[in-house]
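Asker: Got protein.txt for you, compact mmCIF, C-alpha atoms:
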# COMPACT_ATOMS: atom_id res chain seq x y z
CA MET V 1 10.22 0.78 0.47
CA PHE V 2 8.10 -2.34 0.86
CA TRP V 3 10.85 -4.56 -0.53
CA MET V 4 13.22 -3.13 2.07
CA ALA V 5 10.69 -3.87 4.84
CA LEU V 6 10.26 -7.41 3.52
CA VAL V 7 14.00 -8.13 3.36
CA ALA V 8 14.64 -6.49 6.76
CA ALA V 9 11.81 -8.52 8.33
CA LEU V 10 13.18 -11.78 6.91
CA ILE V 11 16.66 -11.02 8.21
CA PHE V 12 15.30 -9.92 11.60
CA GLY V 13 13.11 -13.04 11.79
CA TRP V 14 16.06 -15.33 11.02
CA LEU V 15 18.22 -13.53 13.61
CA ARG V 16 15.49 -14.32 16.14
CA ARG V 17 15.72 -17.99 15.07
CA GLY V 18 12.50 -17.78 13.10
CA SER V 19 11.69 -19.71 9.96
CA LEU V 20 9.68 -19.45 6.78
CA ALA V 21 7.84 -22.61 7.86
CA ARG V 22 6.51 -20.77 10.91
CA LEU V 23 5.62 -17.81 8.72
CA GLY V 24 3.56 -20.23 6.62
CA GLU V 25 1.57 -21.12 9.74
CA LEU V 26 0.56 -17.50 10.30
CA GLU V 27 -3.19 -17.17 10.69
CA LEU V 28 -4.10 -14.81 7.86
CA ARG V 29 -7.70 -14.87 6.70
CA GLY V 30 -9.20 -13.64 3.44
CA LEU V 31 -6.04 -13.24 1.38
CA MET V 32 -8.18 -13.29 -1.77
CA LEU V 33 -9.51 -9.86 -0.70
CA VAL V 34 -5.99 -8.44 -0.98
CA VAL V 35 -5.55 -10.10 -4.37
CA ILE V 36 -8.83 -8.58 -5.62
CA ALA V 37 -7.89 -5.09 -4.36
CA PHE V 38 -4.45 -5.14 -5.96
CA ALA V 39 -5.83 -6.64 -9.18
CA LEU V 40 -8.30 -3.74 -9.41
CA GLN V 41 -5.50 -1.22 -8.85
CA PHE V 42 -3.23 -2.95 -11.37
CA LEU V 43 -6.04 -3.03 -13.93
CA LEU V 44 -6.67 0.69 -13.38
CA ASP V 45 -3.01 1.44 -14.10
CA ILE V 46 -3.01 -0.66 -17.28
CA LEU V 47 -6.24 0.87 -18.61
CA ALA V 48 -5.15 4.41 -17.69
CA ARG V 49 -1.90 3.96 -19.64
CA ALA V 50 -4.00 2.81 -22.59
CA ARG V 51 -6.05 6.01 -22.13
CA PHE V 52 -9.26 4.04 -21.78
CA TYR V 53 -11.66 6.94 -21.26
CA PRO V 54 -14.01 5.37 -18.65
CA VAL V 55 -11.00 4.72 -16.40
CA ILE V 56 -9.93 8.34 -16.67
CA LEU V 57 -13.48 9.34 -15.76
CA TRP V 58 -14.32 6.76 -13.06
CA GLY V 59 -11.04 5.09 -12.17
CA GLY V 60 -10.45 7.14 -9.04
CA TRP V 61 -13.65 5.85 -7.52
CA VAL V 62 -12.82 2.26 -8.43
CA HIS V 63 -9.55 2.88 -6.59
CA VAL V 64 -11.52 3.99 -3.52
CA VAL V 65 -13.70 0.85 -3.74
CA SER V 66 -10.57 -1.34 -3.86
CA TYR V 67 -9.73 -0.09 -0.37
CA PHE V 68 -12.93 -1.60 1.02
CA PHE V 69 -11.61 -5.06 0.14
CA LEU V 70 -8.43 -4.18 2.05
CA PHE V 71 -10.38 -2.83 5.03
CA TYR V 72 -12.37 -6.05 5.24
CA TRP V 73 -9.09 -8.01 5.16
CA LEU V 74 -7.83 -5.82 8.02
CA TYR V 75 -10.98 -6.57 9.99
CA LEU V 76 -10.58 -10.32 9.48
CA ASN V 77 -6.95 -10.18 10.67
CA ARG V 78 -7.22 -7.61 13.44
CA HIS V 79 -5.91 -10.23 15.92
CA LEU V 80 -2.38 -9.48 14.63
CA ILE V 81 -0.64 -6.36 15.95
CA GLY V 82 1.22 -5.85 12.67
CA VAL V 83 -2.10 -5.78 10.82
CA ARG V 84 -3.29 -2.99 13.11
CA ILE V 85 -0.20 -0.92 12.28
CA LEU V 86 -0.64 -1.71 8.60
CA GLY V 87 -4.29 -0.68 8.97
CA LEU V 88 -3.36 2.75 10.29
CA GLY V 89 -1.13 3.32 7.26
CA LEU V 90 -3.83 2.07 4.93
CA PHE V 91 -6.37 4.39 6.54
CA LEU V 92 -4.10 7.44 6.15
CA ASN V 93 -3.54 6.62 2.47
CA PHE V 94 -7.27 6.02 2.01
CA LEU V 95 -8.11 9.43 3.51
CA VAL V 96 -5.89 11.39 1.15
CA ILE V 97 -7.07 9.31 -1.81
CA LEU V 98 -10.74 9.72 -0.89
CA PHE V 99 -10.48 13.49 -0.49
CA ASN V 100 -8.62 13.87 -3.80
CA GLY V 101 -11.03 12.20 -6.17
CA GLY V 102 -9.66 8.69 -5.80
CA TYR V 103 -6.02 9.52 -6.60
CA MET V 104 -2.94 9.62 -4.40
CA PRO V 105 -1.29 13.03 -4.90
CA VAL V 106 2.43 12.72 -5.65
CA SER V 107 4.97 15.50 -5.29
CA GLY V 108 6.74 16.06 -8.60
CA ARG V 109 9.72 17.63 -6.88
CA PHE V 110 11.86 14.49 -6.97
CA LEU V 111 10.39 12.76 -10.02
CA PRO V 112 12.01 12.45 -13.45
CA ALA V 113 10.30 14.49 -16.18
CA HIS V 114 8.75 11.48 -17.95
CA VAL V 115 7.08 10.30 -14.72
CA LYS V 116 5.76 13.81 -14.00
CA GLU V 117 4.30 13.97 -17.49
CA ARG V 118 2.60 10.57 -17.10
CA LEU V 119 1.05 11.64 -13.78
CA ALA V 120 -0.02 15.02 -15.17
CA LEU V 121 -1.83 13.27 -18.03
CA TYR V 122 -3.58 10.85 -15.65
CA GLU V 123 -1.80 7.91 -17.26
CA ASP V 124 -1.61 6.27 -13.85
CA GLY V 125 -4.86 4.85 -12.56
CA THR V 126 -4.14 5.46 -8.89
CA HIS V 127 -1.76 8.45 -8.63
CA ARG V 128 -1.56 11.99 -9.98
CA LEU V 129 0.62 15.04 -9.51
CA LEU V 130 0.13 17.01 -6.31
CA GLN V 131 -1.79 20.23 -6.95
CA VAL V 132 -1.92 23.38 -4.82
CA ASP V 133 -5.58 22.89 -3.91
CA ASP V 134 -5.30 19.21 -2.92
CA ALA V 135 -6.80 18.16 0.38
CA LEU V 136 -4.51 16.70 3.05
CA PRO V 137 -1.32 17.19 1.03
CA PHE V 138 0.84 16.18 4.02
CA LEU V 139 -0.60 12.64 3.66
CA GLY V 140 0.35 12.36 -0.02
CA ASP V 141 3.49 10.87 -1.54
CA ILE V 142 5.69 13.84 -0.64
CA PHE V 143 8.71 12.27 1.06
CA TYR V 144 11.87 11.10 -0.64
CA ILE V 145 15.02 9.32 0.46
CA PRO V 146 17.98 9.94 -1.88
CA GLY V 147 19.11 6.74 -3.54
CA LEU V 148 15.74 5.04 -3.02
CA ASN V 149 14.29 6.72 -6.15
CA GLU V 150 10.82 6.53 -4.70
CA VAL V 151 8.42 9.02 -3.19
CA PHE V 152 6.28 7.82 -0.32
CA SER V 153 3.75 8.93 2.26
CA ILE V 154 3.39 8.72 6.03
CA GLY V 155 0.85 5.97 5.37
CA ASP V 156 3.42 4.04 3.32
CA VAL V 157 5.86 4.16 6.24
CA LEU V 158 3.22 2.67 8.55
CA LEU V 159 2.34 0.06 5.92
CA ALA V 160 6.02 -0.93 5.74
CA VAL V 161 6.31 -1.09 9.56
CA GLY V 162 3.16 -3.23 9.73
CA LEU V 163 4.46 -5.55 7.00
CA PHE V 164 7.79 -5.84 8.84
CA TRP V 165 6.00 -6.66 12.09
CA ILE V 166 3.70 -9.28 10.53
CA ILE V 167 6.59 -11.11 8.86
CA ALA V 168 9.11 -10.84 11.71
CA GLU V 169 6.60 -11.96 14.34
CA GLY V 170 5.15 -14.64 12.07
CA MET V 171 8.59 -16.17 11.56
CA VAL V 172 9.00 -16.76 15.31
CA GLY V 173 5.53 -18.21 15.67
CA ASN V 174 3.50 -15.27 16.93
CA GLY V 175 0.06 -15.22 15.34
CA ARG V 176 0.07 -18.92 14.49
CA LYS V 177 -3.07 -20.91 13.99
CA LYS V 178 -4.43 -22.30 17.22
CA SER V 179 -4.34 -26.09 17.44
CA SER V 180 -7.75 -27.64 18.09
Kindly return the structure encoded in the file as structure tokens.
Answerer:
Amino acid sequence: MFWMALVAALIFGWLRRGSLARLGELELRGLMLVVIAFALQFLLDILARARFYPVILWGGWVHVVSYFFLFYWLYLNRHLIGVRILGLGLFLNFLVILFNGGYMPVSGRFLPAHVKERLALYEDGTHRLLQVDDALPFLGDIFYIPGLNEVFSIGDVLLAVGLFWIIAEGMVGNGRKKSS
């Protein structure tokens, strides 16, 4: 879904006579915070697949902590409308993750058997199968578009819209650094 938002934003930006050079001038602060958050989440996935016991025990809470890096990045970049939209999606995903022990619940309805098994065994450091007693199940990864082969949440849709907005507006010069 995020790749589609990225490609659509680039096309839309070019149609509006935008450029990648202008996108490079976009005033984004604290990008290292995003790198740290995603590195933590990636590391959780790797260690969970290796069945590293402490990750199975505490990984969900490390996942929750990774969101605080992202929230601080949102705060630093709140001057951009797209970041605000992205922030709403991030907050919705954070809520469902927080109330489900640090894991994003995923509907197994559309998943291949091997993916369902991996999620059931907690071999993913950030996601697990949706269970009947999960909190806020409507915010989990429960939606599916045929042909996309991906389940996603309401929060993911808002994240994609925010990403689209940031890139498309950045390409036409909105959100550029102020000249001194």
Asker: Go through V:Leu86, V:Leu80, V:Ile46, V:Met1 one by one, measure the shortest atom-to-atom distance of each to Glu150 of chain V using all atoms listed in the file, and give the residue with the smallest value.
Answerer: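 Closest residue, counting all atoms listed in the file: V:Met1.
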Asker: Nearest residue to Ala37 of chain V out of V:Ala135, V:Leu15, V:Leu70, V:Ala9, using all atoms listed in the file?
Answerer: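 Of the candidates, the smallest distance to Ala37 of chain V is held by V:Leu70.
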Asker: Counting all atoms listed in the file, which of V:Leu33, V:Val96, V:Val161, V:Leu6 gets nearest to Val83 of chain V?
Answerer: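 Closest residue, counting all atoms listed in the file: V:Val161.
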Asker: List the neighbours of Leu40 of chain V out to 9 Å using only C-alpha atoms; skip same-chain residues closer than 6 positions along the sequence, and give me the result as a list of chain:residue names.
Answerer: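 The residues that qualify are V:Val62, V:His63, V:Ser66.
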Asker: Contacts of Ile36 of chain V at 12 Å or less, counting only C-alpha atoms, minus same-chain residues fewer than 5 places along, as an MDAnalysis selection string?
Answerer: chainID V and resid 30:31 41:43 62:63 65:70 72:73
Asker: Selected residues, C-alpha atoms, written as an mmCIF file, in the coordinates of the input, please.
Answerer:
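Written output follows (selection_10.cif):
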data_model
loop_
_atom_site.group_PDB
_atom_site.id
_atom_site.type_symbol
_atom_site.label_atom_id
_atom_site.label_comp_id
_atom_site.auth_asym_id
_atom_site.auth_seq_id
_atom_site.Cartn_x
_atom_site.Cartn_y
_atom_site.Cartn_z
ATOM 1 C CA GLY V 30 -9.200 -13.640 3.440
ATOM 2 C CA LEU V 31 -6.040 -13.240 1.380
ATOM 3 C CA GLN V 41 -5.500 -1.220 -8.850
ATOM 4 C CA PHE V 42 -3.230 -2.950 -11.370
ATOM 5 C CA LEU V 43 -6.040 -3.030 -13.930
ATOM 6 C CA VAL V 62 -12.820 2.260 -8.430
ATOM 7 C CA HIS V 63 -9.550 2.880 -6.590
ATOM 8 C CA VAL V 65 -13.700 0.850 -3.740
ATOM 9 C CA SER V 66 -10.570 -1.340 -3.860
ATOM 10 C CA TYR V 67 -9.730 -0.090 -0.370
ATOM 11 C CA PHE V 68 -12.930 -1.600 1.020
ATOM 12 C CA PHE V 69 -11.610 -5.060 0.140
ATOM 13 C CA LEU V 70 -8.430 -4.180 2.050
ATOM 14 C CA TYR V 72 -12.370 -6.050 5.240
ATOM 15 C CA TRP V 73 -9.090 -8.010 5.160
#
Asker: Which one is closest to Met4 of chain V: V:Phe152, V:Tyr122, V:Phe164, V:Trp58? Count only C-alpha atoms.
Answerer: V:Phe164
Asker: Check the smallest atom-to-atom distance from each of V:Gly60, V:Gly125, V:Pro112, V:Gly18 to Leu47 of chain V using all atoms listed in the file, then report the winner.
Answerer: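 Of V:Gly60, V:Gly125, V:Pro112, V:Gly18, the one nearest Leu47 of chain V, counting all atoms listed in the file, is V:Gly125.
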Asker: Quick one: segment 7-115 of chain V from the block, C-alpha atoms, as a PDB file, in the first residue's frame.
Answerer:
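Heads up, here's the output in result33.pdb:
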ATOM      1  CA  VAL V   7       4.368   6.034  -6.826  1.00  0.00           C
ATOM      2  CA  ALA V   8       1.011   7.853  -7.025  1.00  0.00           C
ATOM      3  CA  ALA V   9       2.470  10.860  -5.184  1.00  0.00           C
ATOM      4  CA  LEU V  10       5.466  11.025  -7.532  1.00  0.00           C
ATOM      5  CA  ILE V  11       3.211  10.876 -10.591  1.00  0.00           C
ATOM      6  CA  PHE V  12       0.809  13.443  -9.118  1.00  0.00           C
ATOM      7  CA  GLY V  13       3.721  15.712  -8.174  1.00  0.00           C
ATOM      8  CA  TRP V  14       5.180  15.539 -11.690  1.00  0.00           C
ATOM      9  CA  LEU V  15       1.746  16.239 -13.217  1.00  0.00           C
ATOM     10  CA  ARG V  16       1.665  19.385 -11.083  1.00  0.00           C
ATOM     11  CA  ARG V  17       5.081  20.318 -12.527  1.00  0.00           C
ATOM     12  CA  GLY V  18       6.872  19.358  -9.345  1.00  0.00           C
ATOM     13  CA  SER V  19      10.362  17.950  -9.096  1.00  0.00           C
ATOM     14  CA  LEU V  20      12.474  15.670  -6.960  1.00  0.00           C
ATOM     15  CA  ALA V  21      14.830  18.615  -6.406  1.00  0.00           C
ATOM     16  CA  ARG V  22      12.024  20.521  -4.677  1.00  0.00           C
ATOM     17  CA  LEU V  23      11.166  17.416  -2.688  1.00  0.00           C
ATOM     18  CA  GLY V  24      14.782  17.399  -1.503  1.00  0.00           C
ATOM     19  CA  GLU V  25      14.252  20.910  -0.122  1.00  0.00           C
ATOM     20  CA  LEU V  26      11.369  19.771   2.065  1.00  0.00           C
ATOM     21  CA  GLU V  27      11.874  20.826   5.662  1.00  0.00           C
ATOM     22  CA  LEU V  28      11.854  17.501   7.499  1.00  0.00           C
ATOM     23  CA  ARG V  29      13.495  17.433  10.900  1.00  0.00           C
ATOM     24  CA  GLY V  30      14.755  14.479  12.917  1.00  0.00           C
ATOM     25  CA  LEU V  31      14.767  11.808  10.209  1.00  0.00           C
ATOM     26  CA  MET V  32      17.135   9.750  12.365  1.00  0.00           C
ATOM     27  CA  LEU V  33      14.199   9.205  14.757  1.00  0.00           C
ATOM     28  CA  VAL V  34      12.319   7.400  11.976  1.00  0.00           C
ATOM     29  CA  VAL V  35      15.407   5.340  11.162  1.00  0.00           C
ATOM     30  CA  ILE V  36      15.773   4.319  14.832  1.00  0.00           C
ATOM     31  CA  ALA V  37      12.085   3.359  15.118  1.00  0.00           C
ATOM     32  CA  PHE V  38      12.117   1.232  11.971  1.00  0.00           C
ATOM     33  CA  ALA V  39      15.468  -0.322  12.907  1.00  0.00           C
ATOM     34  CA  LEU V  40      13.974  -1.408  16.247  1.00  0.00           C
ATOM     35  CA  GLN V  41      10.942  -2.904  14.490  1.00  0.00           C
ATOM     36  CA  PHE V  42      13.114  -4.641  11.894  1.00  0.00           C
ATOM     37  CA  LEU V  43      15.359  -6.045  14.627  1.00  0.00           C
ATOM     38  CA  LEU V  44      12.295  -7.335  16.495  1.00  0.00           C
ATOM     39  CA  ASP V  45      11.151  -9.191  13.377  1.00  0.00           C
ATOM     40  CA  ILE V  46      14.581 -10.747  12.806  1.00  0.00           C
ATOM     41  CA  LEU V  47      14.971 -11.849  16.436  1.00  0.00           C
ATOM     42  CA  ALA V  48      11.396 -13.166  16.616  1.00  0.00           C
ATOM     43  CA  ARG V  49      11.984 -15.318  13.529  1.00  0.00           C
ATOM     44  CA  ALA V  50      15.102 -16.664  15.235  1.00  0.00           C
ATOM     45  CA  ARG V  51      12.872 -17.427  18.256  1.00  0.00           C
ATOM     46  CA  PHE V  52      15.061 -15.361  20.546  1.00  0.00           C
ATOM     47  CA  TYR V  53      13.126 -15.836  23.779  1.00  0.00           C
ATOM     48  CA  PRO V  54      13.516 -12.319  25.280  1.00  0.00           C
ATOM     49  CA  VAL V  55      11.965 -10.847  22.120  1.00  0.00           C
ATOM     50  CA  ILE V  56       8.999 -13.174  22.411  1.00  0.00           C
ATOM     51  CA  LEU V  57       8.640 -12.085  26.035  1.00  0.00           C
ATOM     52  CA  TRP V  58       9.369  -8.340  25.767  1.00  0.00           C
ATOM     53  CA  GLY V  59       9.314  -7.538  22.057  1.00  0.00           C
ATOM     54  CA  GLY V  60       5.794  -6.140  22.063  1.00  0.00           C
ATOM     55  CA  TRP V  61       6.796  -3.458  24.517  1.00  0.00           C
ATOM     56  CA  VAL V  62       9.904  -2.581  22.525  1.00  0.00           C
ATOM     57  CA  HIS V  63       7.518  -2.160  19.590  1.00  0.00           C
ATOM     58  CA  VAL V  64       5.447   0.283  21.660  1.00  0.00           C
ATOM     59  CA  VAL V  65       8.606   2.222  22.600  1.00  0.00           C
ATOM     60  CA  SER V  66       9.568   2.491  18.917  1.00  0.00           C
ATOM     61  CA  TYR V  67       6.406   4.534  18.387  1.00  0.00           C
ATOM     62  CA  PHE V  68       7.651   7.227  20.764  1.00  0.00           C
ATOM     63  CA  PHE V  69      10.513   7.944  18.361  1.00  0.00           C
ATOM     64  CA  LEU V  70       7.915   8.307  15.600  1.00  0.00           C
ATOM     65  CA  PHE V  71       5.697  10.548  17.731  1.00  0.00           C
ATOM     66  CA  TYR V  72       8.622  12.848  18.452  1.00  0.00           C
ATOM     67  CA  TRP V  73       9.345  12.994  14.703  1.00  0.00           C
ATOM     68  CA  LEU V  74       5.693  13.934  14.138  1.00  0.00           C
ATOM     69  CA  TYR V  75       6.001  16.694  16.710  1.00  0.00           C
ATOM     70  CA  LEU V  76       9.123  18.093  15.047  1.00  0.00           C
ATOM     71  CA  ASN V  77       7.390  18.137  11.641  1.00  0.00           C
ATOM     72  CA  ARG V  78       3.886  19.181  12.644  1.00  0.00           C
ATOM     73  CA  HIS V  79       4.203  22.251  10.368  1.00  0.00           C
ATOM     74  CA  LEU V  80       3.413  19.957   7.402  1.00  0.00           C
ATOM     75  CA  ILE V  81      -0.233  19.035   6.805  1.00  0.00           C
ATOM     76  CA  GLY V  82       0.722  15.625   5.422  1.00  0.00           C
ATOM     77  CA  VAL V  83       2.577  14.848   8.644  1.00  0.00           C
ATOM     78  CA  ARG V  84      -0.585  15.608  10.616  1.00  0.00           C
ATOM     79  CA  ILE V  85      -2.559  13.121   8.506  1.00  0.00           C
ATOM     80  CA  LEU V  86       0.248  10.597   8.835  1.00  0.00           C
ATOM     81  CA  GLY V  87       0.192  11.247  12.587  1.00  0.00           C
ATOM     82  CA  LEU V  88      -3.480  10.363  12.858  1.00  0.00           C
ATOM     83  CA  GLY V  89      -2.821   7.033  11.134  1.00  0.00           C
ATOM     84  CA  LEU V  90       0.183   6.396  13.342  1.00  0.00           C
ATOM     85  CA  PHE V  91      -1.871   7.149  16.449  1.00  0.00           C
ATOM     86  CA  LEU V  92      -4.645   4.722  15.418  1.00  0.00           C
ATOM     87  CA  ASN V  93      -2.083   1.975  14.802  1.00  0.00           C
ATOM     88  CA  PHE V  94      -0.376   2.792  18.102  1.00  0.00           C
ATOM     89  CA  LEU V  95      -3.672   2.493  20.011  1.00  0.00           C
ATOM     90  CA  VAL V  96      -4.463  -0.990  18.755  1.00  0.00           C
ATOM     91  CA  ILE V  97      -0.858  -2.093  19.287  1.00  0.00           C
ATOM     92  CA  LEU V  98      -0.731  -0.655  22.806  1.00  0.00           C
ATOM     93  CA  PHE V  99      -3.984  -2.319  23.870  1.00  0.00           C
ATOM     94  CA  ASN V 100      -2.910  -5.686  22.439  1.00  0.00           C
ATOM     95  CA  GLY V 101       0.363  -6.215  24.234  1.00  0.00           C
ATOM     96  CA  GLY V 102       2.549  -4.450  21.696  1.00  0.00           C
ATOM     97  CA  TYR V 103       1.391  -6.398  18.633  1.00  0.00           C
ATOM     98  CA  MET V 104      -0.737  -5.377  15.667  1.00  0.00           C
ATOM     99  CA  PRO V 105      -3.562  -7.922  15.352  1.00  0.00           C
ATOM    100  CA  VAL V 106      -3.877  -9.275  11.805  1.00  0.00           C
ATOM    101  CA  SER V 107      -6.934 -11.010  10.397  1.00  0.00           C
ATOM    102  CA  GLY V 108      -5.979 -14.455   9.121  1.00  0.00           C
ATOM    103  CA  ARG V 109      -8.963 -14.550   6.789  1.00  0.00           C
ATOM    104  CA  PHE V 110      -7.005 -13.536   3.697  1.00  0.00           C
ATOM    105  CA  LEU V 111      -3.552 -14.823   4.619  1.00  0.00           C
ATOM    106  CA  PRO V 112      -1.806 -17.882   3.183  1.00  0.00           C
ATOM    107  CA  ALA V 113      -1.425 -20.770   5.646  1.00  0.00           C
ATOM    108  CA  HIS V 114       2.335 -20.317   6.127  1.00  0.00           C
ATOM    109  CA  VAL V 115       1.888 -16.645   7.102  1.00  0.00           C
TER     110      VAL V 115
END
